[in-house]
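Participant: Supplied structure: start-v2.pdb, PDB, C-alpha atoms, pLDDT in the B column.
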ATOM      1  CA  MET V   1     -14.960 -64.649 -17.272  1.00 44.00           C
ATOM      2  CA  SER V   2     -13.090 -61.781 -18.841  1.00 52.00           C
ATOM      3  CA  GLY V   3      -9.950 -63.679 -19.888  1.00 59.00           C
ATOM      4  CA  ALA V   4      -7.857 -61.810 -17.309  1.00 72.00           C
ATOM      5  CA  THR V   5      -4.509 -63.342 -16.484  1.00 89.00           C
ATOM      6  CA  PHE V   6      -3.488 -63.602 -12.857  1.00 94.00           C
ATOM      7  CA  HIS V   7      -0.210 -64.530 -11.240  1.00 93.00           C
ATOM      8  CA  PHE V   8      -0.240 -66.582  -8.008  1.00 96.00           C
ATOM      9  CA  THR V   9       2.533 -66.375  -5.406  1.00 95.00           C
ATOM     10  CA  THR V  10       3.091 -67.061  -1.741  1.00 96.00           C
ATOM     11  CA  ALA V  11       2.803 -63.938   0.407  1.00 96.00           C
ATOM     12  CA  GLU V  12       5.913 -62.282   1.821  1.00 96.00           C
ATOM     13  CA  PRO V  13       6.229 -60.171   4.997  1.00 96.00           C
ATOM     14  CA  THR V  14       6.242 -57.036   2.808  1.00 96.00           C
ATOM     15  CA  ASP V  15       2.632 -57.874   1.801  1.00 96.00           C
ATOM     16  CA  ILE V  16       1.215 -57.479   5.336  1.00 96.00           C
ATOM     17  CA  ASN V  17       0.191 -53.813   4.949  1.00 95.00           C
ATOM     18  CA  GLU V  18      -1.754 -54.491   1.776  1.00 95.00           C
ATOM     19  CA  LEU V  19      -3.308 -57.684   3.179  1.00 95.00           C
ATOM     20  CA  ASP V  20      -4.417 -55.768   6.265  1.00 93.00           C
ATOM     21  CA  ARG V  21      -5.923 -53.029   4.085  1.00 92.00           C
ATOM     22  CA  LEU V  22      -7.808 -55.641   2.016  1.00 91.00           C
ATOM     23  CA  GLU V  23      -9.037 -57.435   5.132  1.00 89.00           C
ATOM     24  CA  ARG V  24     -10.501 -54.190   6.496  1.00 88.00           C
ATOM     25  CA  GLN V  25     -12.085 -53.362   3.149  1.00 88.00           C
ATOM     26  CA  LEU V  26     -13.661 -56.780   2.581  1.00 86.00           C
ATOM     27  CA  PHE V  27     -14.634 -58.040   6.039  1.00 85.00           C
ATOM     28  CA  HIS V  28     -16.599 -56.188   8.720  1.00 76.00           C
ATOM     29  CA  THR V  29     -16.101 -58.817  11.447  1.00 78.00           C
ATOM     30  CA  ASP V  30     -13.907 -61.873  12.046  1.00 81.00           C
ATOM     31  CA  ARG V  31     -10.892 -60.215  10.458  1.00 83.00           C
ATOM     32  CA  CYS V  32      -7.425 -61.675  10.298  1.00 88.00           C
ATOM     33  CA  SER V  33      -5.075 -59.491  12.372  1.00 90.00           C
ATOM     34  CA  ARG V  34      -1.665 -58.232  11.252  1.00 92.00           C
ATOM     35  CA  ARG V  35      -0.133 -60.572  13.821  1.00 95.00           C
ATOM     36  CA  SER V  36      -2.044 -63.526  12.363  1.00 93.00           C
ATOM     37  CA  PHE V  37      -0.989 -62.564   8.840  1.00 95.00           C
ATOM     38  CA  ARG V  38       2.647 -62.437  10.014  1.00 95.00           C
ATOM     39  CA  TYR V  39       2.352 -65.939  11.474  1.00 95.00           C
ATOM     40  CA  LEU V  40       0.490 -67.350   8.450  1.00 95.00           C
ATOM     41  CA  ILE V  41       2.994 -65.846   6.022  1.00 96.00           C
ATOM     42  CA  ARG V  42       5.871 -67.472   7.947  1.00 94.00           C
ATOM     43  CA  ARG V  43       4.053 -70.796   7.584  1.00 92.00           C
ATOM     44  CA  GLY V  44       3.657 -70.242   3.826  1.00 91.00           C
ATOM     45  CA  ALA V  45      -0.114 -70.438   4.188  1.00 93.00           C
ATOM     46  CA  VAL V  46      -1.113 -67.273   2.275  1.00 96.00           C
ATOM     47  CA  LEU V  47      -1.552 -67.458  -1.498  1.00 96.00           C
ATOM     48  CA  LEU V  48      -1.769 -64.135  -3.339  1.00 96.00           C
ATOM     49  CA  ALA V  49      -3.305 -63.341  -6.701  1.00 96.00           C
ATOM     50  CA  ARG V  50      -2.232 -60.363  -8.770  1.00 95.00           C
ATOM     51  CA  ARG V  51      -3.138 -59.357 -12.300  1.00 92.00           C
ATOM     52  CA  GLN V  52      -0.248 -60.192 -14.581  1.00 89.00           C
ATOM     53  CA  GLY V  53       2.230 -57.296 -14.536  1.00 88.00           C
ATOM     54  CA  GLU V  54       0.625 -55.522 -11.550  1.00 90.00           C
ATOM     55  CA  LYS V  55       1.780 -55.253  -7.938  1.00 90.00           C
ATOM     56  CA  THR V  56      -1.610 -54.723  -6.287  1.00 92.00           C
ATOM     57  CA  ILE V  57      -3.128 -57.792  -4.627  1.00 95.00           C
ATOM     58  CA  ALA V  58      -6.390 -58.734  -6.355  1.00 95.00           C
ATOM     59  CA  GLY V  59      -7.248 -61.547  -3.954  1.00 95.00           C
ATOM     60  CA  TYR V  60      -5.843 -64.087  -1.547  1.00 96.00           C
ATOM     61  CA  ALA V  61      -6.511 -67.446   0.040  1.00 96.00           C
ATOM     62  CA  ILE V  62      -5.272 -68.840   3.334  1.00 95.00           C
ATOM     63  CA  LEU V  63      -4.850 -72.612   3.356  1.00 95.00           C
ATOM     64  CA  LEU V  64      -4.109 -74.438   6.611  1.00 95.00           C
ATOM     65  CA  SER V  65      -2.966 -77.972   7.287  1.00 90.00           C
ATOM     66  CA  ARG V  66      -2.286 -80.073  10.346  1.00 83.00           C
ATOM     67  CA  ARG V  67       0.576 -82.449  10.742  1.00 83.00           C
ATOM     68  CA  ASN V  68      -0.478 -86.056  10.012  1.00 81.00           C
ATOM     69  CA  SER V  69      -3.829 -84.979   8.555  1.00 85.00           C
ATOM     70  CA  ARG V  70      -4.986 -85.568   4.991  1.00 90.00           C
ATOM     71  CA  LYS V  71      -7.511 -82.745   5.261  1.00 92.00           C
ATOM     72  CA  MET V  72      -6.729 -79.059   4.609  1.00 95.00           C
ATOM     73  CA  ARG V  73      -8.809 -76.061   5.641  1.00 94.00           C
ATOM     74  CA  VAL V  74      -9.524 -72.958   3.594  1.00 96.00           C
ATOM     75  CA  TYR V  75      -9.262 -70.440   6.420  1.00 94.00           C
ATOM     76  CA  SER V  76     -10.063 -67.417   4.286  1.00 93.00           C
ATOM     77  CA  LEU V  77     -10.609 -66.491   0.661  1.00 95.00           C
ATOM     78  CA  ALA V  78     -11.008 -62.895  -0.453  1.00 93.00           C
ATOM     79  CA  VAL V  79     -11.329 -61.227  -3.852  1.00 94.00           C
ATOM     80  CA  LEU V  80     -11.543 -57.506  -4.564  1.00 92.00           C
ATOM     81  CA  PRO V  81     -15.032 -56.610  -5.826  1.00 88.00           C
ATOM     82  CA  ALA V  82     -13.580 -55.316  -9.131  1.00 86.00           C
ATOM     83  CA  GLU V  83     -12.017 -58.743  -9.792  1.00 89.00           C
ATOM     84  CA  ARG V  84     -15.023 -60.928  -8.975  1.00 84.00           C
ATOM     85  CA  GLN V  85     -16.419 -60.909 -12.496  1.00 85.00           C
ATOM     86  CA  ALA V  86     -13.013 -61.936 -13.871  1.00 88.00           C
ATOM     87  CA  GLY V  87     -13.347 -65.423 -12.353  1.00 91.00           C
ATOM     88  CA  LEU V  88     -10.611 -64.889  -9.785  1.00 94.00           C
ATOM     89  CA  GLY V  89     -12.520 -66.688  -7.010  1.00 94.00           C
ATOM     90  CA  SER V  90     -12.708 -69.870  -9.093  1.00 94.00           C
ATOM     91  CA  MET V  91      -9.042 -69.536 -10.021  1.00 95.00           C
ATOM     92  CA  LEU V  92      -8.031 -69.176  -6.363  1.00 95.00           C
ATOM     93  CA  VAL V  93     -10.055 -72.267  -5.442  1.00 96.00           C
ATOM     94  CA  ALA V  94      -8.401 -74.204  -8.284  1.00 96.00           C
ATOM     95  CA  GLU V  95      -4.951 -73.079  -7.100  1.00 96.00           C
ATOM     96  CA  ILE V  96      -5.535 -74.117  -3.499  1.00 96.00           C
ATOM     97  CA  GLU V  97      -6.978 -77.451  -4.652  1.00 96.00           C
ATOM     98  CA  ALA V  98      -3.793 -78.061  -6.646  1.00 95.00           C
ATOM     99  CA  ILE V  99      -1.663 -77.144  -3.616  1.00 95.00           C
ATOM    100  CA  ALA V 100      -3.696 -79.483  -1.394  1.00 95.00           C
ATOM    101  CA  ARG V 101      -3.433 -82.360  -3.869  1.00 95.00           C
ATOM    102  CA  ARG V 102       0.341 -81.899  -4.195  1.00 93.00           C
ATOM    103  CA  ALA V 103       0.558 -82.032  -0.394  1.00 92.00           C
ATOM    104  CA  GLY V 104      -1.306 -85.370  -0.419  1.00 92.00           C
ATOM    105  CA  SER V 105      -4.551 -84.009   1.002  1.00 94.00           C
ATOM    106  CA  THR V 106      -7.754 -85.872   0.244  1.00 95.00           C
ATOM    107  CA  SER V 107     -10.219 -83.116   1.124  1.00 96.00           C
ATOM    108  CA  LEU V 108     -10.757 -79.414   1.716  1.00 97.00           C
ATOM    109  CA  THR V 109     -13.037 -77.886   4.349  1.00 96.00           C
ATOM    110  CA  LEU V 110     -14.203 -74.348   5.049  1.00 96.00           C
ATOM    111  CA  GLU V 111     -16.816 -72.288   6.856  1.00 94.00           C
ATOM    112  CA  VAL V 112     -18.876 -69.643   5.102  1.00 93.00           C
ATOM    113  CA  ALA V 113     -21.602 -67.310   6.344  1.00 90.00           C
ATOM    114  CA  ASP V 114     -25.027 -68.596   5.340  1.00 90.00           C
ATOM    115  CA  SER V 115     -25.837 -65.020   4.248  1.00 89.00           C
ATOM    116  CA  ASN V 116     -22.864 -64.822   1.837  1.00 89.00           C
ATOM    117  CA  LEU V 117     -24.740 -65.955  -1.252  1.00 91.00           C
ATOM    118  CA  ALA V 118     -21.973 -65.022  -3.698  1.00 91.00           C
ATOM    119  CA  ALA V 119     -19.413 -67.133  -1.832  1.00 92.00           C
ATOM    120  CA  LEU V 120     -21.882 -70.011  -1.491  1.00 94.00           C
ATOM    121  CA  ALA V 121     -22.505 -69.942  -5.247  1.00 94.00           C
ATOM    122  CA  LEU V 122     -18.749 -69.950  -5.906  1.00 95.00           C
ATOM    123  CA  TYR V 123     -18.075 -72.875  -3.579  1.00 96.00           C
ATOM    124  CA  ARG V 124     -21.028 -74.833  -4.945  1.00 96.00           C
ATOM    125  CA  LYS V 125     -19.811 -74.261  -8.504  1.00 95.00           C
ATOM    126  CA  CYS V 126     -16.367 -75.493  -7.401  1.00 96.00           C
ATOM    127  CA  GLY V 127     -17.800 -78.734  -6.007  1.00 96.00           C
ATOM    128  CA  PHE V 128     -18.117 -78.052  -2.268  1.00 97.00           C
ATOM    129  CA  HIS V 129     -21.018 -79.548  -0.329  1.00 96.00           C
ATOM    130  CA  GLN V 130     -22.427 -78.835   3.110  1.00 94.00           C
ATOM    131  CA  HIS V 131     -21.572 -81.239   5.896  1.00 91.00           C
ATOM    132  CA  GLY V 132     -22.553 -79.154   8.924  1.00 91.00           C
ATOM    133  CA  PHE V 133     -23.926 -75.956  10.365  1.00 91.00           C
ATOM    134  CA  ARG V 134     -22.781 -73.661  13.205  1.00 86.00           C
ATOM    135  CA  TYR V 135     -25.413 -71.425  14.769  1.00 88.00           C
ATOM    136  CA  GLY V 136     -24.100 -67.976  15.823  1.00 80.00           C
ATOM    137  CA  TYR V 137     -20.578 -68.839  14.651  1.00 78.00           C
ATOM    138  CA  TYR V 138     -19.415 -65.351  13.648  1.00 82.00           C
ATOM    139  CA  GLN V 139     -18.729 -62.294  15.852  1.00 78.00           C
ATOM    140  CA  ASP V 140     -21.818 -60.571  14.465  1.00 82.00           C
ATOM    141  CA  GLY V 141     -24.002 -63.570  15.406  1.00 82.00           C
ATOM    142  CA  GLY V 142     -24.157 -64.870  11.834  1.00 84.00           C
ATOM    143  CA  HIS V 143     -24.408 -68.573  11.122  1.00 90.00           C
ATOM    144  CA  ALA V 144     -21.829 -70.664   9.285  1.00 91.00           C
ATOM    145  CA  LEU V 145     -22.254 -73.480   6.827  1.00 93.00           C
ATOM    146  CA  LEU V 146     -19.490 -76.075   7.031  1.00 95.00           C
ATOM    147  CA  LEU V 147     -18.461 -77.116   3.544  1.00 96.00           C
ATOM    148  CA  HIS V 148     -16.351 -80.000   2.295  1.00 96.00           C
ATOM    149  CA  LYS V 149     -14.839 -81.052  -0.999  1.00 97.00           C
ATOM    150  CA  ASN V 150     -13.476 -84.509  -1.603  1.00 96.00           C
ATOM    151  CA  LEU V 151     -10.266 -84.255  -3.659  1.00 95.00           C
ATOM    152  CA  THR V 152     -10.033 -87.968  -4.438  1.00 89.00           C
ATOM    153  CA  THR V 153     -13.056 -88.070  -6.783  1.00 70.00           C
ATOM    154  CA  GLU V 154     -14.546 -85.664  -9.285  1.00 52.00           C
ATOM    155  CA  THR V 155     -17.999 -85.573  -7.704  1.00 43.00           C
ATOM    156  CA  GLY V 156     -17.268 -85.548  -3.980  1.00 40.00           C
ATOM    157  CA  HIS V 157     -20.451 -85.912  -1.899  1.00 39.00           C
ATOM    158  CA  ASP V 158     -23.955 -86.527  -3.170  1.00 36.00           C
ATOM    159  CA  HIS V 159     -25.986 -84.198  -0.955  1.00 35.00           C
ATOM    160  CA  PRO V 160     -26.817 -80.657  -2.136  1.00 35.00           C
ATOM    161  CA  LEU V 161     -25.563 -77.469  -0.569  1.00 34.00           C
ATOM    162  CA  TYR V 162     -27.931 -76.175   2.115  1.00 33.00           C
ATOM    163  CA  THR V 163     -29.278 -72.755   1.180  1.00 35.00           C
ATOM    164  CA  GLY V 164     -31.989 -72.112   3.780  1.00 36.00           C
ATOM    165  CA  ARG V 165     -31.964 -70.768   7.305  1.00 34.00           C
ATOM    166  CA  PRO V 166     -32.161 -72.962  10.410  1.00 35.00           C
ATOM    167  CA  HIS V 167     -35.404 -73.471  12.269  1.00 31.00           C
ATOM    168  CA  GLN V 168     -35.397 -71.860  15.690  1.00 29.00           C
TER     169      GLN V 168
END
Now that the file is in, can you turn its structure into structure tokens?
Facilitator:
Amino acid sequence: MSGATFHFTTAEPTDINELDRLERQLFHTDRCSRRSFRYLIRRGAVLLARRQGEKTIAGYAILLSRRNSRKMRVYSLAVLPAERQAGLGSMLVAEIEAIARRAGSTSLTLEVADSNLAALALYRKCGFHQHGFRYGYYQDGGHALLLHKNLTTETGHDHPLYTGRPHQ
């Protein structure tokens, strides 16, 4: 980590243009639309990260919850390539974990492409473990690993993160 300082805030409607630009830059398929961002921002579900003193968004996370559920879902997490070596991904995960705990959630779930090795390494380092698999989950036909993190204990689950491909 480089010792960079980041500031975390909830997204505002004025952030939609920049979020849309980031989404197009970072994801080739399964993008969040401007309309979806508008809706998610109204719900207070989009957490932004900016370098201290800067206005440009360095990364974001979308955290969803359901009424009467103790589980929250990380819908999306994105970090600009230039900020990845600064530890921003880990900081975003820590921020959303803190938000989830304050909301009374006992676990976090997410889906990640089995080919996204950098994201898998991040989530593994942050204590997520595989609990499922979805074949052909993404628009491009890619497969998804379903990950889970228990927020009520330090260790969560005992089984290791799956890193191979499914048998066909």
Participant: Between V:Ala113, V:Leu47, V:Leu77, V:Ala98, which residue has the minimum interatomic distance to Tyr138 in chain V, considering all atoms listed in the file?
Facilitator: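 Looking at the shortest contact to Tyr138 in chain V, the residue is V:Ala113.
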Participant: Given the file shown, enumerate the residues that the PyMOL selection byres ((chain V and resi 75) around 7) captures and present them as a VMD selection string.
Facilitator: chain V and resid 62 to 64 73 to 74 76 110
Participant: Which residue gives the smallest distance to Gly127 in chain V among V:Ser105, V:Ser65, V:Ser90, V:Gln52, with all atoms listed in the file counted?
Facilitator: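 The shortest atom-to-atom distance to Gly127 in chain V comes from V:Ser90.
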Participant: Please report the interatomic distance between CA of Glu95 in chain V and CA of Arg134 in chain V in Å with one decimal.
Facilitator: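 CA of Glu95 in chain V sits 27.0 Å away from CA of Arg134 in chain V.
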Participant: Excluding Asp114 in chain V and any residue of its chain fewer than 2 positions from it, enumerate the residues within 6 Å of it, using only C-alpha atoms, and give them as a list of chain:residue names.
Facilitator: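 Here the answer would be V:Asn116, V:His143, V:Ala144, V:Leu145.
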Participant: Which residues come within 8 Å of range 33-41 of chain V, counting all atoms listed in the file, excluding same-chain residues fewer than 6 positions away, as a PyMOL selection string?
Facilitator: chain V and resi 10-13+16-17+19-20+62
Participant: Might you spell out which residues the PyMOL selection byres ((chain V and resi 92) around 10) would select in the displayed file, as a list in words?
Facilitator: Phe6, Phe8, Leu47, Leu48, Ala49, Gly59, Tyr60, Ala61, Leu77, Ala78, Val79, Gly87, Leu88, Gly89, Ser90, Met91, Val93, Ala94, Glu95, Ile96, Glu97 and Ala98 of chain V
Participant: Between V:Ala4, V:Val46, V:Cys126, V:Ile99, single out the one closest to Leu147 in chain V, counting all atoms listed in the file.
Facilitator: V:Cys126
Participant: Let me have the centre and edge lengths in Å, one decimal, of the box along x, y and z around every listed atom of range 72-78 of chain V with 8 Å of margin on each side, as JSON.
Facilitator:
{"center_x": -8.9, "center_y": -71.0, "center_z": 3.0, "size_x": 20.3, "size_y": 32.2, "size_z": 22.9}
Participant: Which distance in Å separates CA of Ser69 in chain V and CA of Gly104 in chain V, to one decimal?
Facilitator: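 Value for the CA of Ser69 in chain V-CA of Gly104 in chain V distance: 9.3 Å.
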Participant: Any idea what the distance is between CA of Thr109 in chain V and CA of His148 in chain V?
Facilitator: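 CA of His148 in chain V lies at a distance of 4.4 Å from CA of Thr109 in chain V.
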